[in-house]
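Coordinates from work13.txt are shown below (compact mmCIF, N, CA and C atoms).
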# COMPACT_ATOMS: atom_id res chain seq x y z
N MET A 193 -55.66 -20.80 3.63
CA MET A 193 -54.45 -21.45 3.15
C MET A 193 -54.85 -22.43 2.05
N THR A 194 -54.10 -22.45 1.00
CA THR A 194 -54.43 -23.34 -0.11
C THR A 194 -54.11 -24.79 0.24
N GLU A 195 -54.73 -25.68 -0.51
CA GLU A 195 -54.49 -27.11 -0.28
C GLU A 195 -53.02 -27.47 -0.52
N ALA A 196 -52.41 -26.87 -1.54
CA ALA A 196 -50.99 -27.15 -1.84
C ALA A 196 -50.10 -26.71 -0.69
N ARG A 197 -50.40 -25.55 -0.09
CA ARG A 197 -49.61 -25.08 1.07
C ARG A 197 -49.78 -26.00 2.26
N GLU A 198 -50.98 -26.46 2.47
CA GLU A 198 -51.23 -27.38 3.58
C GLU A 198 -50.44 -28.67 3.40
N ARG A 199 -50.45 -29.22 2.17
CA ARG A 199 -49.69 -30.44 1.90
C ARG A 199 -48.20 -30.20 2.09
N LEU A 200 -47.71 -29.05 1.62
CA LEU A 200 -46.30 -28.72 1.79
C LEU A 200 -45.95 -28.62 3.28
N GLY A 201 -46.82 -27.97 4.04
CA GLY A 201 -46.61 -27.87 5.49
C GLY A 201 -46.56 -29.23 6.15
N GLU A 202 -47.46 -30.13 5.74
CA GLU A 202 -47.47 -31.48 6.29
C GLU A 202 -46.19 -32.23 5.94
N LYS A 203 -45.73 -32.09 4.70
CA LYS A 203 -44.50 -32.77 4.27
C LYS A 203 -43.30 -32.24 5.04
N ILE A 204 -43.24 -30.93 5.24
CA ILE A 204 -42.13 -30.35 6.01
C ILE A 204 -42.19 -30.83 7.45
N ARG A 205 -43.37 -30.84 8.04
CA ARG A 205 -43.52 -31.30 9.42
C ARG A 205 -43.11 -32.78 9.55
N ASP A 206 -43.56 -33.60 8.59
CA ASP A 206 -43.20 -35.02 8.60
C ASP A 206 -41.69 -35.20 8.45
N PHE A 207 -41.07 -34.40 7.56
CA PHE A 207 -39.62 -34.49 7.36
C PHE A 207 -38.87 -34.12 8.63
N VAL A 208 -39.26 -33.03 9.27
CA VAL A 208 -38.59 -32.59 10.50
C VAL A 208 -38.75 -33.65 11.58
N GLU A 209 -39.96 -34.19 11.73
CA GLU A 209 -40.19 -35.23 12.73
C GLU A 209 -39.35 -36.46 12.42
N ASP A 210 -39.27 -36.84 11.15
CA ASP A 210 -38.50 -38.01 10.76
C ASP A 210 -37.01 -37.80 10.99
N ILE A 211 -36.50 -36.64 10.64
CA ILE A 211 -35.07 -36.38 10.75
C ILE A 211 -34.63 -36.25 12.21
N LEU A 212 -35.56 -35.88 13.07
CA LEU A 212 -35.19 -35.67 14.47
C LEU A 212 -35.65 -36.81 15.39
N SER A 213 -36.29 -37.82 14.84
CA SER A 213 -36.65 -38.98 15.65
C SER A 213 -35.85 -40.18 15.17
N ILE A 214 -35.74 -41.17 16.01
CA ILE A 214 -34.92 -42.35 15.70
C ILE A 214 -35.74 -43.59 15.99
N ASP A 215 -35.71 -44.53 15.06
CA ASP A 215 -36.28 -45.86 15.27
C ASP A 215 -35.20 -46.87 14.93
N VAL A 216 -34.88 -47.73 15.87
CA VAL A 216 -33.93 -48.82 15.63
C VAL A 216 -34.63 -50.10 16.04
N VAL A 217 -34.70 -51.05 15.09
CA VAL A 217 -35.33 -52.34 15.34
C VAL A 217 -34.27 -53.41 15.11
N THR A 218 -34.05 -54.26 16.09
CA THR A 218 -33.13 -55.39 15.95
C THR A 218 -33.96 -56.66 15.90
N LEU A 219 -33.78 -57.40 14.82
CA LEU A 219 -34.55 -58.62 14.59
C LEU A 219 -33.67 -59.85 14.81
N THR A 220 -34.30 -60.92 15.19
CA THR A 220 -33.61 -62.19 15.31
C THR A 220 -34.50 -63.25 14.69
N GLY A 221 -33.91 -64.32 14.25
CA GLY A 221 -34.69 -65.39 13.64
C GLY A 221 -34.06 -65.87 12.37
N GLU A 222 -34.88 -66.37 11.46
CA GLU A 222 -34.41 -66.91 10.20
C GLU A 222 -34.98 -66.12 9.04
N ILE A 223 -34.13 -65.81 8.08
CA ILE A 223 -34.59 -65.26 6.81
C ILE A 223 -34.04 -66.18 5.74
N ASN A 224 -34.90 -66.73 4.93
CA ASN A 224 -34.47 -67.65 3.88
C ASN A 224 -34.52 -66.95 2.53
N ILE A 225 -33.36 -66.83 1.89
CA ILE A 225 -33.25 -66.23 0.57
C ILE A 225 -32.52 -67.22 -0.32
N SER A 226 -33.06 -67.45 -1.49
CA SER A 226 -32.39 -68.32 -2.45
C SER A 226 -31.22 -67.58 -3.06
N ILE A 227 -30.06 -68.22 -3.10
CA ILE A 227 -28.88 -67.58 -3.69
C ILE A 227 -29.16 -67.17 -5.13
N GLY A 228 -29.95 -67.96 -5.85
CA GLY A 228 -30.31 -67.62 -7.22
C GLY A 228 -31.08 -66.31 -7.32
N ASP A 229 -31.78 -65.95 -6.26
CA ASP A 229 -32.57 -64.72 -6.26
C ASP A 229 -31.73 -63.47 -6.05
N VAL A 230 -30.50 -63.62 -5.55
CA VAL A 230 -29.69 -62.43 -5.25
C VAL A 230 -28.36 -62.42 -6.00
N GLY A 231 -28.12 -63.43 -6.83
CA GLY A 231 -26.88 -63.49 -7.59
C GLY A 231 -26.97 -62.66 -8.86
N ASP A 232 -25.80 -62.35 -9.41
CA ASP A 232 -25.78 -61.60 -10.67
C ASP A 232 -25.26 -62.44 -11.83
N GLY A 233 -25.16 -63.75 -11.63
CA GLY A 233 -24.71 -64.64 -12.68
C GLY A 233 -23.21 -64.91 -12.67
N ASP A 234 -22.45 -64.11 -11.96
CA ASP A 234 -20.99 -64.27 -11.87
C ASP A 234 -20.56 -64.79 -10.51
N LYS A 235 -21.48 -65.50 -9.84
CA LYS A 235 -21.22 -66.04 -8.50
C LYS A 235 -20.92 -64.93 -7.49
N LYS A 236 -21.50 -63.77 -7.72
CA LYS A 236 -21.37 -62.64 -6.80
C LYS A 236 -22.76 -62.26 -6.34
N ILE A 237 -22.84 -61.73 -5.13
CA ILE A 237 -24.13 -61.27 -4.61
C ILE A 237 -24.40 -59.88 -5.17
N ASN A 238 -25.58 -59.71 -5.74
CA ASN A 238 -26.03 -58.41 -6.19
C ASN A 238 -26.77 -57.78 -5.01
N PHE A 239 -26.19 -56.77 -4.38
CA PHE A 239 -26.76 -56.22 -3.15
C PHE A 239 -28.09 -55.51 -3.38
N GLU A 240 -28.32 -55.00 -4.59
CA GLU A 240 -29.63 -54.40 -4.88
C GLU A 240 -30.71 -55.48 -4.88
N LYS A 241 -30.39 -56.65 -5.50
CA LYS A 241 -31.35 -57.76 -5.49
C LYS A 241 -31.53 -58.29 -4.07
N LEU A 242 -30.44 -58.35 -3.30
CA LEU A 242 -30.52 -58.81 -1.91
C LEU A 242 -31.46 -57.91 -1.12
N HIS A 243 -31.27 -56.60 -1.25
CA HIS A 243 -32.13 -55.65 -0.53
C HIS A 243 -33.58 -55.78 -0.98
N ALA A 244 -33.80 -55.94 -2.29
CA ALA A 244 -35.16 -56.09 -2.80
C ALA A 244 -35.82 -57.34 -2.21
N ASN A 245 -35.06 -58.41 -2.06
CA ASN A 245 -35.61 -59.64 -1.49
C ASN A 245 -35.86 -59.50 0.00
N ILE A 246 -35.00 -58.79 0.69
CA ILE A 246 -35.19 -58.60 2.12
C ILE A 246 -36.41 -57.73 2.39
N THR A 247 -36.61 -56.70 1.57
CA THR A 247 -37.76 -55.82 1.78
C THR A 247 -39.04 -56.39 1.19
N GLY A 248 -38.91 -57.44 0.35
CA GLY A 248 -40.07 -58.10 -0.21
C GLY A 248 -40.50 -59.25 0.67
N GLN A 249 -41.27 -60.16 0.12
CA GLN A 249 -41.73 -61.31 0.88
C GLN A 249 -40.66 -62.39 0.87
N LEU A 250 -40.39 -62.95 2.02
CA LEU A 250 -39.38 -63.98 2.18
C LEU A 250 -39.95 -65.17 2.93
N GLY A 251 -39.22 -66.27 2.85
CA GLY A 251 -39.55 -67.39 3.71
C GLY A 251 -38.81 -67.21 5.02
N GLY A 252 -39.24 -67.88 6.05
CA GLY A 252 -38.57 -67.80 7.34
C GLY A 252 -39.40 -67.04 8.35
N GLU A 253 -38.80 -66.83 9.49
CA GLU A 253 -39.50 -66.14 10.58
C GLU A 253 -38.52 -65.23 11.29
N VAL A 254 -38.97 -64.01 11.60
CA VAL A 254 -38.13 -63.11 12.38
C VAL A 254 -38.93 -62.64 13.59
N LYS A 255 -38.23 -62.31 14.64
CA LYS A 255 -38.83 -61.79 15.87
C LYS A 255 -38.09 -60.51 16.22
N VAL A 256 -38.81 -59.59 16.82
CA VAL A 256 -38.19 -58.36 17.29
C VAL A 256 -37.49 -58.66 18.60
N ALA A 257 -36.16 -58.49 18.62
CA ALA A 257 -35.38 -58.70 19.84
C ALA A 257 -35.34 -57.43 20.65
N ALA A 258 -35.26 -56.29 19.95
CA ALA A 258 -35.21 -54.99 20.64
C ALA A 258 -35.73 -53.92 19.69
N PHE A 259 -36.42 -52.95 20.25
CA PHE A 259 -36.95 -51.83 19.48
C PHE A 259 -36.78 -50.58 20.32
N THR A 260 -36.24 -49.53 19.71
CA THR A 260 -36.08 -48.26 20.42
C THR A 260 -36.62 -47.15 19.54
N HIS A 261 -37.45 -46.28 20.12
CA HIS A 261 -37.94 -45.08 19.44
C HIS A 261 -37.56 -43.89 20.31
N VAL A 262 -36.84 -42.95 19.71
CA VAL A 262 -36.51 -41.70 20.40
C VAL A 262 -37.20 -40.59 19.63
N GLY A 263 -38.14 -39.91 20.29
CA GLY A 263 -38.94 -38.89 19.63
C GLY A 263 -38.24 -37.55 19.55
N LEU A 264 -38.89 -36.65 18.84
CA LEU A 264 -38.40 -35.30 18.64
C LEU A 264 -38.06 -34.63 19.98
N ASP A 265 -38.89 -34.88 20.99
CA ASP A 265 -38.67 -34.29 22.30
C ASP A 265 -37.77 -35.15 23.18
N LYS A 266 -37.13 -36.15 22.59
CA LYS A 266 -36.22 -37.09 23.25
C LYS A 266 -36.92 -38.06 24.19
N ASP A 267 -38.27 -38.07 24.17
CA ASP A 267 -38.96 -39.13 24.89
C ASP A 267 -38.59 -40.44 24.22
N THR A 268 -38.35 -41.47 25.01
CA THR A 268 -37.85 -42.72 24.48
C THR A 268 -38.76 -43.87 24.88
N VAL A 269 -39.06 -44.75 23.92
CA VAL A 269 -39.77 -45.98 24.18
C VAL A 269 -38.83 -47.10 23.77
N GLN A 270 -38.63 -48.06 24.67
CA GLN A 270 -37.72 -49.15 24.37
C GLN A 270 -38.37 -50.47 24.76
N PHE A 271 -38.30 -51.42 23.84
CA PHE A 271 -38.79 -52.77 24.08
C PHE A 271 -37.60 -53.70 23.92
N VAL A 272 -37.46 -54.65 24.84
CA VAL A 272 -36.41 -55.66 24.73
C VAL A 272 -37.05 -57.01 25.02
N MET A 273 -36.83 -57.96 24.10
CA MET A 273 -37.32 -59.32 24.30
C MET A 273 -36.77 -59.84 25.62
N GLU A 274 -37.58 -60.51 26.38
CA GLU A 274 -37.17 -60.99 27.70
C GLU A 274 -35.86 -61.78 27.64
N SER A 275 -35.73 -62.65 26.64
CA SER A 275 -34.52 -63.46 26.56
C SER A 275 -33.30 -62.65 26.12
N ALA A 276 -33.51 -61.44 25.60
CA ALA A 276 -32.39 -60.59 25.19
C ALA A 276 -32.01 -59.59 26.28
N ALA A 277 -32.73 -59.60 27.39
CA ALA A 277 -32.52 -58.60 28.42
C ALA A 277 -31.26 -58.84 29.25
N ASP A 278 -30.66 -60.00 29.14
CA ASP A 278 -29.43 -60.30 29.85
C ASP A 278 -28.36 -59.29 29.44
N GLU A 279 -27.73 -58.63 30.39
CA GLU A 279 -26.74 -57.59 30.09
C GLU A 279 -25.58 -58.09 29.23
N GLY A 280 -25.29 -59.39 29.28
CA GLY A 280 -24.19 -59.92 28.50
C GLY A 280 -24.58 -60.29 27.07
N ASN A 281 -25.83 -60.09 26.69
CA ASN A 281 -26.32 -60.48 25.38
C ASN A 281 -25.70 -59.63 24.28
N VAL A 282 -25.02 -60.27 23.33
CA VAL A 282 -24.35 -59.58 22.24
C VAL A 282 -25.34 -58.84 21.36
N LEU A 283 -26.50 -59.44 21.11
CA LEU A 283 -27.51 -58.82 20.27
C LEU A 283 -28.01 -57.51 20.87
N LEU A 284 -28.25 -57.50 22.16
CA LEU A 284 -28.71 -56.29 22.83
C LEU A 284 -27.60 -55.24 22.87
N ALA A 285 -26.37 -55.66 23.08
CA ALA A 285 -25.24 -54.72 23.07
C ALA A 285 -25.11 -54.07 21.69
N HIS A 286 -25.27 -54.87 20.64
CA HIS A 286 -25.23 -54.32 19.28
C HIS A 286 -26.36 -53.32 19.06
N HIS A 287 -27.56 -53.65 19.55
CA HIS A 287 -28.70 -52.75 19.42
C HIS A 287 -28.40 -51.40 20.08
N ARG A 288 -27.88 -51.45 21.29
CA ARG A 288 -27.56 -50.21 22.02
C ARG A 288 -26.50 -49.40 21.29
N GLU A 289 -25.48 -50.07 20.74
CA GLU A 289 -24.44 -49.38 19.97
C GLU A 289 -25.03 -48.71 18.74
N THR A 290 -25.97 -49.39 18.10
CA THR A 290 -26.62 -48.83 16.92
C THR A 290 -27.43 -47.60 17.27
N VAL A 291 -28.18 -47.65 18.35
CA VAL A 291 -28.96 -46.49 18.80
C VAL A 291 -28.03 -45.31 19.05
N THR A 292 -26.94 -45.55 19.76
CA THR A 292 -25.97 -44.49 20.06
C THR A 292 -25.37 -43.93 18.77
N GLY A 293 -25.02 -44.81 17.84
CA GLY A 293 -24.44 -44.38 16.57
C GLY A 293 -25.40 -43.54 15.75
N VAL A 294 -26.67 -43.94 15.72
CA VAL A 294 -27.67 -43.18 14.98
C VAL A 294 -27.89 -41.81 15.63
N GLN A 295 -27.92 -41.77 16.96
CA GLN A 295 -28.08 -40.49 17.65
C GLN A 295 -26.91 -39.56 17.33
N THR A 296 -25.71 -40.08 17.32
CA THR A 296 -24.53 -39.27 17.00
C THR A 296 -24.59 -38.78 15.56
N ALA A 297 -24.95 -39.67 14.63
CA ALA A 297 -25.03 -39.29 13.22
C ALA A 297 -26.09 -38.22 13.00
N ARG A 298 -27.24 -38.37 13.63
CA ARG A 298 -28.30 -37.35 13.49
C ARG A 298 -27.85 -36.02 14.05
N SER A 299 -27.19 -36.05 15.20
CA SER A 299 -26.70 -34.82 15.82
C SER A 299 -25.66 -34.14 14.94
N ASP A 300 -24.73 -34.93 14.40
CA ASP A 300 -23.70 -34.38 13.51
C ASP A 300 -24.32 -33.79 12.24
N PHE A 301 -25.33 -34.47 11.69
CA PHE A 301 -26.01 -33.98 10.50
C PHE A 301 -26.70 -32.66 10.80
N PHE A 302 -27.40 -32.60 11.91
CA PHE A 302 -28.12 -31.39 12.30
C PHE A 302 -27.13 -30.23 12.49
N LYS A 303 -25.99 -30.51 13.13
CA LYS A 303 -24.97 -29.48 13.34
C LYS A 303 -24.40 -29.00 12.02
N ALA A 304 -24.18 -29.91 11.09
CA ALA A 304 -23.63 -29.53 9.78
C ALA A 304 -24.62 -28.63 9.01
N ILE A 305 -25.90 -28.91 9.14
CA ILE A 305 -26.91 -28.14 8.42
C ILE A 305 -27.15 -26.79 9.08
N THR A 306 -27.25 -26.77 10.40
CA THR A 306 -27.67 -25.55 11.10
C THR A 306 -26.53 -24.79 11.76
N GLY A 307 -25.41 -25.47 11.96
CA GLY A 307 -24.29 -24.82 12.66
C GLY A 307 -24.43 -24.85 14.17
N SER A 308 -25.48 -25.51 14.67
CA SER A 308 -25.66 -25.60 16.12
C SER A 308 -25.98 -27.04 16.51
N LYS A 309 -25.77 -27.34 17.79
CA LYS A 309 -26.02 -28.68 18.31
C LYS A 309 -27.50 -28.99 18.35
N LEU A 310 -27.80 -30.28 18.19
CA LEU A 310 -29.16 -30.76 18.35
C LEU A 310 -29.50 -30.68 19.83
N LEU A 311 -30.71 -30.27 20.14
CA LEU A 311 -31.11 -30.11 21.55
C LEU A 311 -30.80 -31.31 22.40
As structure tokens - that is how I would like this structure written.
Amino acid sequence: MTEARERLGEKIRDFVEDILSIDVVTLTGEINISIGDVGDGDKKINFEKLHANITGQLGGEVKVAAFTHVGLDKDTVQFVMESAADEGNVLLAHHRETVTGVQTARSDFFKAITGSKLL
């Protein structure tokens, strides 16, 4: 097998694994962004600049409140910060809703592409 075919096979395998697995991370804490860094000069937030600042280096501190990974085979790993484990916690409820929403969206996408339900 040629090197190009091997790379293509790896990319396809990575794509399939990515499209069929889910990672949801819920963070809590402080993120400090200067309004000047995300404005567009018209007193409006430029969301592209905001995203660039969030994905870049920021001041502040964040902690993982909850993390869920659902693998291709539907094996699931879930971490929940001890203080977020209270069933009444809004942050944890939002995390669970997000996981469910992502699972539904992935399933709908898979059905639209293949015409059949995701396993």
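The neighbours of Arg298 in chain A here are the residues that come within 9 Å of it, using only C-alpha atoms and leaving out any residue fewer than 5 positions away in the same chain; they are A:Ile211, A:Leu212, A:Ser213, A:Ile214, A:Gly293, A:Lys303, A:Leu310.
Picture a line from CA of Leu242 in chain A to atom N of Ala258 in chain A; it runs 22.5 Å.
Straight-line separation from CA of Val208 in chain A to CA of Asp265 in chain A: 11.9 Å.
Relative to CA of Arg288 in chain A, CA of Val217 in chain A is found at 10.5 Å.
Using all atoms listed in the file, the nearest neighbour of Thr260 in chain A within the list A:Leu200, A:Val291, A:Asp300, A:Gly307 is A:Val291.
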